[in-house]
Amino acid sequence: MNEVRSVTGAATSAATTHRRTRITVRGMALGDFVLQNGTLLIVIAVLALIAGVFWVVLASSMPTIHQFGWQFLTNQAFDPDHNSFGVGPAIFGTIVTSVFALVFAAPLGIGAAVFLVEFCPRRARTSLAFFTDLLATVPSVVFGLWGFLVLAPWMQHSGEPWLKLHLGFLPFFVGTPRGVGLLTAGMILTVMILPLVIAIAREVMQIVPNEQREALLALGATRWEVVRYAILPFARVGITGGVILALGRALGETIAVTLVIGNQANKISPDLFATGYTLPSVIANQFGEATPGLFRSAVIEAGLILIVMTLIVNVLARLLIARMGRHHRVGGLVA
Amino acid sequence: MTTPAALPATPHTPTVLTAPTEPIIVDAQHLNVSFGNSHALKDVTLPIPAKRVTALMGPSGSGKSTFLRALNRMHDRTPSARVTGQVLFDGQDILGPGLDIVQLRQRMGMIFQKPVVFPKSIFENVAFAVRVQGGLKHAAIADRVEHSLRQAALWDEVKDRLRQSAVGLSGGQQQRLCIARALAVEPEVLLLDEPTSALDPVATLKVEDLVRDLAQTYTIAIVTHNLQQAGRLSHYSGFFLLGSLIEFGPTQEVFERPRDKRTEDFITGRFG
C-alpha cells in the first residue's frame with residue numbers, strides 16, 4: 001500500500017518537473033493552431049473559388065444581360081447570324097429531359113434498391129450491386145455514343161412509331177420520328193442517373209435498423225408491408241436527397257445529351273419527338289464558334305442560368321430534407 | 001464454435017422436467033437450432049402452459065433467446081439457420097410446411113430487448129399494427145388503439161399526446177408502447193425477449209406489473225437473465241445452459257429444490 005502511494009507520488013512530481021515545454025500560439029498548442037487555421041484557409045479558398053467562378057461568369061454575361069435583360073430567358077431564337085439570342089428552348093429542354101429522367105429513374109431505382117436490399121438472395125446481391133455501381137462509372141460520352149449509335153436509330157424506326165401509333169392522341173408523341181430529340185435524351189439521362197438513385201437508395205435502406213424489420217414481422221406484417229411501413233419511411237429522407245442529387249446530375253449532363261438531343265430548337269412545343277437543346281448542350285455546341293461579343297456572352301449567360309438553376313434545386317432540396325427530417329429524426333441519411 | 005459432434009465438454013443430459021398440470025398451448029419437442037457449424041439449441045423439449053408466465057433463464061449464450069425466436073419463426077430470416085424438431089401450437093406443427101407465418105406471428109406477438117418504436121406518432125404506432133392485421137374500420141381502429149394502450153398501462157400517460165412522435169417517449173414508455181402494439185393484433189401468446197434489460201428499475205417494475213396483469217388473459221414466455229425477475233414473475237421456469245434446457249418445472253420448485261446441480265449453482269449465484 002505504502003509502496004504504491006510512493007510510486008504515484010514520484011510519478012506526479014516527475015510530471016510537474018519534467019513537463020514538456022510546448023510551443024504555443026495564443027495559448028493554443030502549435031499543432032492545433034496550424035490545423036485550425038490551415039483548415040479554415042482551405043474552406044476560405046473553396047469559397048473564394050466559387051465566388052470567383054460566379055463573378056467571372058456574371059461579368060462575362062454582362063453584354064447579353066444589358067442587351068436582352070429578362071427576355072434572354074424566354075426568347076426562342078439562338079441566332080448568331082442576326083445577333084438575336086435567347087435560351088427559352090434550352091431552359092425548356094433542360095427541364096423536360098431532367099424531369100423525364102427523374103420521373104422514370106426514381107421509381108425504377110428505388111424499386112431496384114428494394115429488391116437488392118430486401119428480397120435478393122445474399123450471394124446474388126453483391127454481384128448485382130457491383131454491376132449497378134459499375135454502370136455509374138461508365139463515362140458519359142460512352143452513354144452518348146451508345147445513345148447515338150444504338151438507341152436513336154432504334155427509337156426512330158421502332159420506338160417512336162410505336163408510341164405514335166398507340167399514344168399518338170397525347171400531345172407528346174405527334175411529330176416526325178427522328179430518333180434524336182427530347183425523348184431520346186430523356187431516356188439516356190434516365191439510364192445515366194439510374195445507378196446513382198439505386199446506389200443511394202440502397203445505402204440508406206441498408207442502414208435501416210434490423211430491429212425495425214423484425215418488429216414489423218413480429219406483428220405479422222408481410223415482407224411488402226415491411227418495405228412499405230418500415231424501410232421506405234425510414235429511408236425517405238435519404239432517398240429524397242439521392243433523387244435530388246440525381247436531378248442535379250441530369251441538369252448538368254452535357255456530352256451524352258448533346259449527342260442525342262438534336263441541337264436544334266426554334267420553338268417550344270410539348271412534342272417529345274422534336275429535337276431540342278439543353279443549357280449544357282448549347283454551351284458545348286456553340287462555345288467553339290462563339291466569337292467575342294454578344295455571341296460569347298450569350299453562351300456564358302447560358303452557363304450562368306444553369307448555375308442558378310442547380311443552385312435553386314439544391315436549396316429546395318435542403319429545405320425539403322430539413323422539413324422531412326424534422327418530423328422523424330431517427331435514422332435516415334441526409335445526403 | 002465447434003460442430004455438434006465435437007462437444008464432449010457438455011454431454012447432453014436429458015432435461016429434468018416437471019410437466020405442467022395446466023393445458024399446454026405451445027409444446028416444443030426435440031427442438032434443435034444451428035447456425036452453420038454452431039449448434040445453438042440442443043434437443044430442447046419445453047411445454048408452455050396456457051395463460052401462465054413461463055420464464056426462460058440462463059447466462060448469455062445459453063440459447064434462451066434462440067429458443068424464443070424459433071417459436072415465431074424469426075430464424076427464417078437467417079440463411080444459415082437450420083431448425084429441426086417440432087413445435088406444436090394448438091396442436092399444429094409451426095415448423096411444418098404450409099404454415100401461414102404471417103398468421104403465426106399475429107397469434108404470437110414478440111417484444112424485443114430494445115424497444116422498437118416506429119418513427120411515427122404514438123397513435124400510429126399502435127393503429128398501424130391493427131391495420132397490418134386488417135379488417136377494422138376507422139372508428140374501430142381508434143377504439144382498439146385506446147384499448148391496447150389501456151391494457152399496456154400506458155393510456156393515462158399518453159392520451160393527451162397521441163399525435164406526438166413515439167420517439168420522444170422514455171425507454172419504459174416505449175417498451176410498453178411496443179407491448180400495446182403487440183396486443184393490438186390480439187395475439188394469444190406473448191414472447192418477451194429480455195424486455196426490461198434496457199430499462200431502469202422503475203420502468204422495469206412497471207413492465208413487470210404489466211406482465212403479471214396480462215398473464216390473466218395471455219400466455220407469456222419471457223426470456224430473462226435476471227433471476228429475481230424470473231422468480232417474481234413466473235409460474236414456470238426453464239434453465240438453459242450452453243444450448244441445452246437443463247431443468248424445467250414450476251418456478252417455486254426450480255428455485256427452492258433444484259434437482260440438477262447446475263441449476264442449483266445458477267440459482268444460488270455461483271455462476272451466470
# chains A, B, ... in the order shown; residues from 1 in each chain; ligands from 1
>>> interface_residues(of="chain A", to="chain B", cutoff="9 Å", atoms="only C-alpha atoms", output="list of chain:residue names")
A:Arg122, A:Glu211, A:Gln212, A:Glu214, A:Ala215, A:Leu216, A:Leu217, A:Ala218, A:Leu219, A:Gly220, A:Ala221, A:Thr222, A:Glu225, A:Tyr229, A:Ala230, A:Pro233, A:Phe234, A:His327, A:His328, A:Arg329, A:Val330
>>> residues_around(residues="A:Gly111", least_positions_apart="5", cutoff="12 Å", atoms="only C-alpha atoms", output="list in words")
Phe104, Ala105, Ala106, Leu116, Val117, Glu118, Phe119, Cys120, Leu194, Pro195, Val197, Ile198, Ala199, Ala201, Arg202, Met205, Trp224, Val227, Arg228, Ile231, Leu232 and Ile239 of chain A
>>> select_by_dssp(residues="stretch 9-93 of chain B", states="strand (DSSP E or B)", output="number ranges by chain")
B: 16-17, 24-35, 38-49, 53-57, 81-89, 92-93
>>> atom_distance(atom1="atom CA of B:Ala230", atom2="atom CA of B:Thr196")
11.8 Å
>>> select_by_dssp(residues="stretch 178-248 of chain A", states="helix (DSSP H, G or I)", output="JSON, numbers by chain")
{"A": [182, 183, 184, 185, 186, 187, 188, 189, 190, 191, 192, 193, 194, 195, 196, 197, 198, 199, 200, 201, 202, 203, 204, 205, 206, 210, 211, 212, 213, 214, 215, 216, 217, 218, 223, 224, 225, 226, 227, 228, 229, 230, 231, 232, 233, 234, 235, 236, 237, 238, 239, 240, 241, 242, 243, 244, 245, 246, 247, 248]}
>>> atom_distance(atom1="atom CA of B:Leu210", atom2="atom CA of B:Gly238")
21.3 Å
>>> closest_residue(among="A:Ala284, A:Asp271, A:Asp133, A:Val46", to="A:Lys164", atoms="only C-alpha atoms")
A:Asp271
>>> residues_around(residues="stretch 48-65 of chain B", least_positions_apart="4", cutoff="9 Å", atoms="only C-alpha atoms", output="ChimeraX atom specification")
/B:20-28,40-42,69-70,188-189,193-194,211-212,214-227,229-231,233-245,250-251,266,271-272
